[in-house]
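S.K.: My structure is in final-v9.txt, and what it holds is compact mmCIF, C-alpha atoms:
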# COMPACT_ATOMS: atom_id res chain seq x y z
CA MET A 1 -56.31 -36.95 -96.20
CA ILE A 2 -59.03 -39.35 -97.43
CA GLN A 3 -57.76 -42.10 -95.12
CA SER A 4 -57.78 -39.67 -92.18
CA LYS A 5 -61.39 -38.72 -92.91
CA LEU A 6 -62.38 -42.38 -93.14
CA LEU A 7 -60.73 -43.12 -89.81
CA LEU A 8 -62.40 -40.07 -88.23
CA ASN A 9 -65.80 -41.14 -89.55
CA SER A 10 -65.33 -44.66 -88.19
CA LEU A 11 -64.29 -43.33 -84.80
CA ILE A 12 -67.37 -41.08 -84.73
CA VAL A 13 -69.54 -44.10 -85.48
CA LEU A 14 -67.91 -45.96 -82.60
CA ALA A 15 -68.31 -43.03 -80.23
CA VAL A 16 -72.00 -42.65 -81.10
CA GLY A 17 -72.41 -46.38 -80.57
CA PHE A 18 -70.89 -46.13 -77.11
CA VAL A 19 -73.30 -43.34 -76.11
CA THR A 20 -76.31 -45.21 -77.49
CA LEU A 21 -75.40 -48.34 -75.58
CA SER A 22 -74.53 -46.60 -72.32
CA ALA A 23 -77.75 -47.70 -70.67
CA GLN A 24 -77.40 -51.32 -71.75
CA ALA A 25 -75.93 -54.04 -69.60
CA SER A 26 -73.95 -55.33 -72.58
CA LEU A 27 -71.85 -52.18 -72.88
CA PRO A 28 -68.49 -53.19 -74.40
CA LYS A 29 -65.32 -52.66 -72.42
CA ALA A 30 -63.45 -51.36 -75.44
CA THR A 31 -62.72 -47.67 -75.78
CA ILE A 32 -61.63 -45.87 -78.91
CA ASP A 33 -57.99 -46.34 -77.87
CA ASP A 34 -58.44 -50.13 -77.82
CA TYR A 35 -59.01 -50.35 -81.56
CA VAL A 36 -56.14 -51.19 -83.89
CA TRP A 37 -56.84 -49.97 -87.42
CA GLU A 38 -55.17 -51.29 -90.55
CA MET A 39 -55.50 -50.75 -94.27
CA ILE A 40 -57.28 -53.62 -96.05
CA GLU A 41 -56.65 -54.67 -99.63
CA GLY A 42 -59.71 -56.71 -100.46
CA PRO A 43 -62.49 -58.99 -99.21
CA ILE A 44 -62.02 -62.53 -97.98
CA TYR A 45 -63.59 -64.07 -101.07
CA PRO A 46 -63.70 -62.50 -104.55
CA ASN A 47 -67.19 -62.10 -105.96
CA TRP A 48 -66.44 -63.84 -109.24
CA GLY A 49 -70.16 -64.25 -110.09
CA GLU A 50 -71.23 -60.67 -109.36
CA ASP A 51 -72.33 -60.02 -112.97
CA CYS A 52 -74.71 -62.99 -113.06
CA TYR A 53 -78.35 -61.93 -112.73
CA SER A 54 -81.30 -63.86 -114.07
CA LYS A 55 -84.66 -65.05 -112.77
CA ASP A 56 -84.24 -68.07 -115.00
CA GLU A 57 -82.39 -70.59 -112.79
CA PRO A 58 -80.67 -72.54 -115.62
CA LYS A 59 -79.41 -69.30 -117.20
CA TYR A 60 -78.17 -68.09 -113.82
CA ARG A 61 -76.28 -71.35 -113.17
CA ALA A 62 -74.83 -71.29 -116.69
CA CYS A 63 -73.57 -67.75 -116.09
CA LEU A 64 -71.94 -68.82 -112.81
CA ASP A 65 -70.28 -71.79 -114.52
CA GLN A 66 -68.91 -69.55 -117.25
CA SER A 67 -67.74 -66.94 -114.73
CA ALA A 68 -65.91 -69.57 -112.65
CA MET A 69 -64.15 -70.87 -115.75
CA ILE A 70 -63.06 -67.38 -116.82
CA TYR A 71 -61.95 -66.52 -113.28
CA ASN A 72 -59.73 -69.62 -113.15
CA GLN A 73 -58.36 -69.15 -116.65
CA ASN A 74 -57.36 -65.57 -115.86
CA LEU A 75 -55.51 -66.70 -112.72
CA ILE A 76 -53.78 -69.51 -114.62
CA GLU A 77 -52.44 -66.92 -117.04
CA LYS A 78 -51.58 -64.37 -114.34
CA LEU A 79 -49.73 -66.90 -112.17
CA GLN A 80 -48.14 -68.61 -115.19
CA LEU A 81 -49.59 -71.99 -114.26
CA SER A 82 -50.44 -73.25 -117.75
CA LYS A 83 -47.68 -75.88 -117.44
CA TYR A 84 -49.64 -77.48 -114.61
CA VAL A 85 -53.24 -76.35 -114.67
CA SER A 86 -56.00 -76.05 -117.24
CA ARG A 87 -59.63 -75.16 -116.73
CA GLN A 88 -62.58 -76.23 -118.83
CA LEU A 89 -66.22 -75.69 -117.99
CA ASN A 90 -66.83 -77.24 -114.55
CA GLN A 91 -63.49 -79.08 -114.48
CA THR A 92 -59.96 -78.25 -113.34
CA THR A 93 -57.12 -80.50 -114.54
CA ILE A 94 -53.76 -80.48 -112.76
CA THR A 95 -50.83 -82.18 -114.46
CA ILE A 96 -47.89 -83.28 -112.31
CA PRO A 97 -44.51 -83.87 -114.05
CA ASN A 98 -43.54 -87.56 -114.19
CA HIS A 99 -47.06 -88.62 -113.14
CA GLU A 100 -49.08 -90.59 -115.64
CA ALA A 101 -52.54 -89.59 -114.42
CA PRO A 102 -53.53 -85.95 -113.85
CA ILE A 103 -55.49 -84.68 -110.86
CA ILE A 104 -59.03 -83.85 -111.96
CA LEU A 105 -61.31 -81.69 -109.83
CA THR A 106 -64.88 -81.63 -111.11
CA ASP A 107 -67.42 -79.09 -109.92
CA THR A 108 -70.24 -81.06 -108.30
CA PRO A 109 -73.96 -80.15 -108.44
CA VAL A 110 -75.55 -79.65 -105.01
CA GLN A 111 -78.99 -78.59 -103.82
CA ASP A 112 -80.05 -76.49 -100.86
CA ILE A 113 -83.04 -77.15 -98.63
CA ASP A 114 -85.31 -75.33 -101.08
CA GLY A 115 -84.25 -77.57 -103.93
CA ASP A 116 -82.31 -74.85 -105.73
CA GLY A 117 -79.13 -76.14 -107.31
CA LEU A 118 -75.66 -74.70 -107.72
CA ARG A 119 -72.24 -76.33 -107.90
CA TYR A 120 -69.45 -77.01 -105.47
CA VAL A 121 -66.89 -75.01 -107.46
CA TYR A 122 -63.10 -75.31 -107.39
CA LEU A 123 -61.34 -71.97 -107.74
CA ILE A 124 -57.64 -71.21 -107.80
CA ASN A 125 -56.82 -69.37 -104.61
CA ARG A 126 -53.07 -68.75 -104.60
CA TYR A 127 -49.75 -70.15 -105.77
CA ASP A 128 -46.51 -70.38 -103.78
CA GLU A 129 -43.92 -70.13 -106.54
CA ASP A 130 -40.94 -70.79 -104.24
CA LYS A 131 -42.34 -74.11 -102.98
CA ASN A 132 -44.39 -74.87 -106.10
CA TRP A 133 -47.54 -75.33 -104.04
CA LEU A 134 -51.02 -74.66 -105.34
CA TYR A 135 -54.01 -73.73 -103.16
CA LEU A 136 -57.57 -74.01 -104.43
CA SER A 137 -60.87 -73.10 -102.81
CA GLY A 138 -63.87 -75.38 -102.82
CA GLN A 139 -66.92 -73.13 -102.65
CA VAL A 140 -70.69 -73.48 -102.58
CA TYR A 141 -73.24 -71.24 -100.89
CA GLU A 142 -71.67 -70.26 -97.54
CA THR A 143 -69.05 -73.03 -97.54
CA ASN A 144 -65.40 -72.44 -98.32
CA ASN A 145 -62.80 -75.20 -97.99
CA THR A 146 -59.23 -75.62 -99.22
CA VAL A 147 -57.54 -78.08 -101.54
CA PHE A 148 -53.75 -78.16 -101.22
CA VAL A 149 -51.68 -79.57 -104.10
CA ASP A 150 -47.92 -80.07 -104.04
CA LEU A 151 -47.03 -79.65 -107.72
CA ASN A 152 -43.66 -81.32 -107.12
CA THR A 153 -44.98 -84.63 -105.81
CA GLY A 154 -48.68 -84.62 -106.62
CA ALA A 155 -49.61 -84.90 -102.94
CA THR A 156 -53.04 -83.44 -102.25
CA GLN A 157 -55.22 -82.90 -99.20
CA ASN A 158 -58.57 -81.32 -98.49
CA PHE A 159 -58.90 -79.02 -95.49
CA GLU A 160 -62.07 -77.73 -93.92
CA GLY A 161 -61.94 -73.95 -93.83
CA SER A 162 -59.95 -71.35 -95.74
CA HIS A 163 -56.72 -69.32 -95.50
CA LEU A 164 -54.59 -72.43 -95.05
CA MET A 165 -51.18 -71.75 -93.51
CA PHE A 166 -48.49 -74.27 -92.49
CA SER A 167 -46.22 -73.94 -89.48
CA PRO A 168 -42.51 -73.41 -90.33
CA ASP A 169 -41.61 -77.07 -89.68
CA MET A 170 -44.83 -78.30 -91.37
CA THR A 171 -45.95 -80.14 -88.21
CA TYR A 172 -49.13 -78.08 -87.99
CA ALA A 173 -51.50 -76.27 -90.31
CA ALA A 174 -54.32 -73.84 -89.61
CA THR A 175 -57.49 -72.72 -91.35
CA VAL A 176 -60.45 -70.52 -90.43
CA LYS A 177 -64.19 -70.68 -90.96
CA VAL A 178 -65.74 -67.24 -91.47
CA GLU A 179 -68.80 -67.87 -93.64
CA PHE A 180 -71.42 -67.13 -90.97
CA PRO A 181 -71.26 -63.96 -88.81
CA GLY A 182 -70.99 -64.90 -85.17
CA GLU A 183 -69.81 -68.43 -85.96
CA GLU A 184 -66.15 -67.82 -86.77
CA GLU A 185 -63.81 -70.68 -85.94
CA VAL A 186 -60.09 -71.45 -86.02
CA LEU A 187 -59.07 -74.99 -86.96
CA ILE A 188 -55.62 -76.40 -86.20
CA TRP A 189 -54.34 -79.54 -87.94
CA LYS A 190 -51.44 -81.86 -87.08
CA LYS A 191 -49.47 -84.00 -89.52
CA ASP A 192 -49.63 -87.73 -88.81
CA LYS A 193 -46.98 -90.39 -89.47
CA HIS A 194 -48.29 -90.83 -93.01
CA GLY A 195 -47.86 -87.18 -93.86
CA ASN A 196 -51.58 -86.38 -93.76
CA TYR A 197 -53.02 -83.62 -91.60
CA GLN A 198 -55.65 -84.52 -89.02
CA TYR A 199 -57.88 -82.14 -87.09
CA ASP A 200 -56.07 -81.31 -83.84
CA LYS A 201 -57.79 -78.66 -81.77
CA SER A 202 -60.38 -75.97 -82.37
CA ASN A 203 -61.31 -73.15 -80.02
CA ILE A 204 -60.87 -74.67 -76.58
CA ASP A 205 -62.94 -71.97 -74.87
CA TYR A 206 -65.49 -70.85 -77.44
CA ASP A 207 -67.28 -68.51 -74.99
CA LYS A 208 -64.00 -66.70 -74.39
CA PHE A 209 -63.45 -66.60 -78.14
CA ARG A 210 -66.86 -64.95 -78.74
CA GLN A 211 -66.41 -62.53 -75.83
CA HIS A 212 -63.32 -61.11 -77.49
CA PHE A 213 -65.33 -60.24 -80.58
CA LYS A 214 -68.02 -58.68 -78.38
CA PHE A 215 -65.35 -56.59 -76.65
CA TYR A 216 -65.13 -54.60 -79.89
CA ASN A 217 -68.70 -54.98 -81.13
CA SER A 218 -71.57 -55.21 -78.64
CA ARG A 219 -74.39 -55.05 -81.18
CA GLU A 220 -76.85 -57.91 -81.21
CA ASP A 221 -76.12 -58.60 -84.87
CA SER A 222 -72.63 -59.92 -85.51
CA LEU A 223 -70.47 -58.41 -88.20
CA ARG A 224 -68.95 -60.62 -90.86
CA PRO A 225 -65.15 -60.35 -91.10
CA TYR A 226 -64.09 -58.48 -94.21
CA SER A 227 -60.62 -59.99 -94.18
CA VAL A 228 -58.57 -62.56 -92.25
CA LYS A 229 -54.84 -63.12 -91.82
CA LEU A 230 -53.03 -66.11 -90.32
CA GLU A 231 -49.35 -66.01 -89.38
CA TRP A 232 -47.22 -68.68 -87.73
CA VAL A 233 -44.78 -66.80 -85.48
CA THR A 234 -43.06 -70.06 -84.48
CA ASP A 235 -43.96 -73.74 -84.77
CA ASP A 236 -45.91 -73.40 -81.50
CA SER A 237 -47.41 -69.93 -81.90
CA LEU A 238 -50.11 -68.85 -84.35
CA LEU A 239 -51.54 -65.36 -84.78
CA VAL A 240 -55.04 -65.04 -86.24
CA ASP A 241 -56.32 -61.59 -87.18
CA PHE A 242 -59.95 -60.90 -88.11
CA TYR A 243 -60.67 -57.53 -89.73
CA PHE A 244 -64.02 -55.74 -89.52
CA LYS A 245 -65.13 -52.62 -91.39
CA MET A 246 -67.38 -50.07 -89.72
CA ASN A 247 -68.74 -48.80 -93.04
CA GLU A 248 -69.11 -50.55 -96.37
CA ARG A 249 -66.84 -48.16 -98.29
CA ASP A 250 -64.10 -47.95 -95.68
CA THR A 251 -60.57 -48.89 -96.74
CA ILE A 252 -59.53 -49.43 -93.13
CA ALA A 253 -60.78 -52.00 -90.64
CA TYR A 254 -60.31 -52.72 -86.97
CA ARG A 255 -58.46 -55.86 -85.95
CA VAL A 256 -59.51 -58.62 -83.55
CA ARG A 257 -56.46 -60.74 -82.74
CA PHE A 258 -55.97 -64.16 -81.18
CA ASN A 259 -52.77 -66.01 -80.33
CA TYR A 260 -52.78 -69.82 -80.26
CA VAL A 261 -49.81 -71.28 -78.37
CA LYS A 262 -48.43 -74.58 -77.11
CA THR A 263 -46.28 -74.28 -74.02
CA GLU A 264 -44.97 -77.84 -74.34
CA PRO A 265 -44.86 -80.27 -77.28
CA THR A 266 -47.39 -82.54 -75.55
CA SER A 267 -49.62 -79.78 -74.18
CA ASP A 268 -52.95 -78.67 -75.66
CA TRP A 269 -53.28 -75.49 -77.66
CA GLN A 270 -54.19 -72.41 -75.64
CA MET A 271 -56.17 -69.54 -77.10
CA ILE A 272 -55.13 -66.08 -75.88
CA PRO A 273 -57.19 -63.00 -76.88
CA ILE A 274 -54.83 -60.11 -77.68
CA LYS A 275 -55.91 -56.52 -77.04
Could you write out this structure as structure tokens?
M.R.:
Amino acid sequence: MIQSKLLLNSLIVLAVGFVTLSAQASLPKATIDDYVWEMIEGPIYPNWGEDCYSKDEPKYRACLDQSAMIYNQNLIEKLQLSKYVSRQLNQTTITIPNHEAPIILTDTPVQDIDGDGLRYVYLINRYDEDKNWLYLSGQVYETNNTVFVDLNTGATQNFEGSHLMFSPDMTYAATVKVEFPGEEEVLIWKKDKHGNYQYDKSNIDYDKFRQHFKFYNSREDSLRPYSVKLEWVTDDSLLVDFYFKMNERDTIAYRVRFNYVKTEPTSDWQMIPIK
């Protein structure tokens, strides 16, 4: 019943928006029937520092450092990673069996244009127990990148963007950039002969990419995706779903979907908006 009311409220908001915009040239083509709604579990990035408030900059940074350490330690325990990973203040240590030297990721101080300083923080993102792969996020301000660690071999690689997913045959990988509303981006990576992934293709037609978002939301201000999902259907087909909430407390969101495909092994990636 609650979910039905939430959906009804969101549809009312959309309908009112359509009436309000009826006189504008930028009226979206989408109708209520065009929206695909799905339940959402949580935001793209956890707000691990939400309890840190202080006008004193050093105290605020110290609280963030402590919060990041506790966040990582809790995930290490939850995912049963203590055999491989330990977290001290501002440092993550990853131990690989049969490797003499551990992998050490140290949070790095950075400054913004105003001179205020925070840290580029490494946070545990997820663990693939079947493959024994560890994914970490490198975060600072509005930047979110990915560090991939194979706990079997010790192989590591940094990827620009988040939500890293590998194609079934491992030839390709994909990430997304969603930090800035209206500047979303899909990044596709290809494995080279040395086993490292190199940037392959981004959005070939960025105007077409943006138009698909505007099909669902014609407001001048762009919404920030609440959640994102990447799925490799085949080695040559990638689905990317962006989810947007109409209201802050909604537990459902509408989906904006793209399909990236290669028609031939040597062809470029094509981006297809899916309605």
S.K.: What's the separation between atom CA of A:Thr95 and atom CA of A:Tyr120, in Å to one decimal place?
M.R.: 21.3 Å
S.K.: To one decimal place in Å, what is the distance between atom CA of A:Ala155 and atom CA of A:Asn196?
M.R.: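 These two atoms are separated by 9.5 Å.
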S.K.: So that I can check the surroundings of A:Tyr127, please list as a list in words every protein, DNA and RNA residue that reaches within 10 Å of it, counting only C-alpha atoms and ignoring chain neighbours fewer than 3 positions away.
M.R.: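 My list of contacting residues is Leu75, Ile76, Leu79, Gln80, Leu81, Ile124, Asp130, Lys131, Asn132, Trp133, Leu134, Tyr135, Leu136 and Val149 of chain A.
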S.K.: Taking into account all atoms listed in the file, which residue in the set A:Gly49, A:Pro181, A:Gly154, A:Pro273 is nearest to A:Val140?
M.R.: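 Ranked by minimum distance to A:Val140, first place goes to A:Gly49.
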S.K.: I need the residue nearest A:Arg249 from this list: A:Tyr53, A:Tyr206, A:Tyr226, A:Tyr197. Use all atoms listed in the file for the distance.
M.R.: A:Tyr226
S.K.: Could you state the separation of atom CA of A:Leu105 and atom CA of A:Thr92 in Å, given to one decimal place?
M.R.: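 Atom CA of A:Thr92 lies at a distance of 5.1 Å from atom CA of A:Leu105.
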S.K.: Hey, what's within 8 Å of stretch 57-67 of chain A if we count only C-alpha atoms and toss same-chain stuff fewer than 6 positions away? As a PyMOL selection string, please?
M.R.: chain A and resi 48-49+89-90+118
S.K.: Using all atoms listed in the file, list the residues that have an atom at most 10 Å from (-57.8, -74.8, -118.6), coordinates as in the file, as an MDAnalysis selection string.
M.R.: chainID A and resid 69:70 72:74 76:77 81:82 84:89 91:94
S.K.: Step by step, gather every atom of stretch 122-125 of chain A that the file lists, find the box along x, y and z that holds them, add 8 Å on each side, and finally give centre and edge lengths in Å to one decimal, as AutoDock Vina command-line options.
M.R.:
--center_x -60.0 --center_y -72.3 --center_z -106.2 --size_x 22.3 --size_y 21.9 --size_z 19.2
S.K.: Given only C-alpha atoms as the basis, pick out the residue of A:Lys275, A:Asn47, A:Glu41, A:Arg119 nearest to A:Asp107.
M.R.: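 Looking at the shortest contact to A:Asp107, the residue is A:Arg119.
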S.K.: Of the residues A:Pro109, A:Ala173, A:Ile40, A:Ile96, which is the one nearest to A:Lys83, using all atoms listed in the file?
M.R.: A:Ile96
S.K.: Taking the point (-71.4, -75.7, -98.7) as given in the file, collect each protein or nucleic acid residue that comes within 12 Å of it, counting all atoms listed in the file, and present the set as an mmCIF file with C-alpha atoms, keeping the file's coordinate frame.
M.R.:
data_model
loop_
_atom_site.group_PDB
_atom_site.id
_atom_site.type_symbol
_atom_site.label_atom_id
_atom_site.label_comp_id
_atom_site.auth_asym_id
_atom_site.auth_seq_id
_atom_site.Cartn_x
_atom_site.Cartn_y
_atom_site.Cartn_z
ATOM 1 C CA THR A 108 -70.240 -81.060 -108.300
ATOM 2 C CA PRO A 109 -73.960 -80.150 -108.440
ATOM 3 C CA VAL A 110 -75.550 -79.650 -105.010
ATOM 4 C CA GLN A 111 -78.990 -78.590 -103.820
ATOM 5 C CA ASP A 112 -80.050 -76.490 -100.860
ATOM 6 C CA ILE A 113 -83.040 -77.150 -98.630
ATOM 7 C CA GLY A 117 -79.130 -76.140 -107.310
ATOM 8 C CA LEU A 118 -75.660 -74.700 -107.720
ATOM 9 C CA ARG A 119 -72.240 -76.330 -107.900
ATOM 10 C CA TYR A 120 -69.450 -77.010 -105.470
ATOM 11 C CA VAL A 121 -66.890 -75.010 -107.460
ATOM 12 C CA SER A 137 -60.870 -73.100 -102.810
ATOM 13 C CA GLY A 138 -63.870 -75.380 -102.820
ATOM 14 C CA GLN A 139 -66.920 -73.130 -102.650
ATOM 15 C CA VAL A 140 -70.690 -73.480 -102.580
ATOM 16 C CA TYR A 141 -73.240 -71.240 -100.890
ATOM 17 C CA GLU A 142 -71.670 -70.260 -97.540
ATOM 18 C CA THR A 143 -69.050 -73.030 -97.540
ATOM 19 C CA ASN A 144 -65.400 -72.440 -98.320
ATOM 20 C CA ASN A 145 -62.800 -75.200 -97.990
ATOM 21 C CA GLU A 160 -62.070 -77.730 -93.920
ATOM 22 C CA GLY A 161 -61.940 -73.950 -93.830
ATOM 23 C CA LYS A 177 -64.190 -70.680 -90.960
ATOM 24 C CA GLU A 179 -68.800 -67.870 -93.640
ATOM 25 C CA PHE A 180 -71.420 -67.130 -90.970
#
S.K.: Using all atoms listed in the file, I'd like a table of the residues in stretch 126-197 of chain A that come within 12 Å of stretch 229-245 of chain A; for each, show the closest atom pair and its distance in Å rounded to one decimal, ordered by chain and ascending number, as a Markdown table.
M.R.:
| residue | atom | partner | partner_atom | distance |
| --- | --- | --- | --- | --- |
| A:Ser162 | CA | A:Leu230 | CA | 10.2 |
| A:His163 | CA | A:Leu230 | CA | 7.1 |
| A:Leu164 | CA | A:Leu230 | CA | 8.0 |
| A:Met165 | CA | A:Leu230 | CA | 6.7 |
| A:Phe166 | CA | A:Trp232 | CA | 7.5 |
| A:Ser167 | CA | A:Asp235 | CA | 5.2 |
| A:Pro168 | CA | A:Asp235 | CA | 5.8 |
| A:Asp169 | CA | A:Asp235 | CA | 6.4 |
| A:Met170 | CA | A:Asp235 | CA | 8.1 |
| A:Thr171 | CA | A:Asp235 | CA | 7.5 |
| A:Tyr172 | CA | A:Asp235 | CA | 7.5 |
| A:Ala173 | CA | A:Trp232 | CA | 9.1 |
| A:Ala174 | CA | A:Leu230 | CA | 7.9 |
| A:Thr175 | CA | A:Leu230 | CA | 8.0 |
| A:Val176 | CA | A:Leu230 | CA | 8.6 |
| A:Lys177 | CA | A:Phe242 | CA | 11.0 |
| A:Val178 | CA | A:Phe242 | CA | 9.2 |
| A:Pro181 | CA | A:Phe244 | CA | 11.0 |
| A:Glu184 | CA | A:Phe242 | CA | 9.4 |
| A:Glu185 | CA | A:Val240 | CA | 10.4 |
| A:Val186 | CA | A:Val240 | CA | 8.2 |
| A:Leu187 | CA | A:Val240 | CA | 10.8 |
| A:Ile188 | CA | A:Leu238 | CA | 9.5 |
| A:Lys190 | CA | A:Asp235 | CA | 11.3 |
S.K.: Check the smallest atom-to-atom distance from each of A:Gln157, A:Arg126, A:Asp56, A:Trp269 to A:Ile103 using all atoms listed in the file, then report the winner.
M.R.: A:Gln157
S.K.: Closest to A:Pro225 among A:Val147, A:Val256, A:Val261, A:Ala101, using all atoms listed in the file?
M.R.: A:Val256
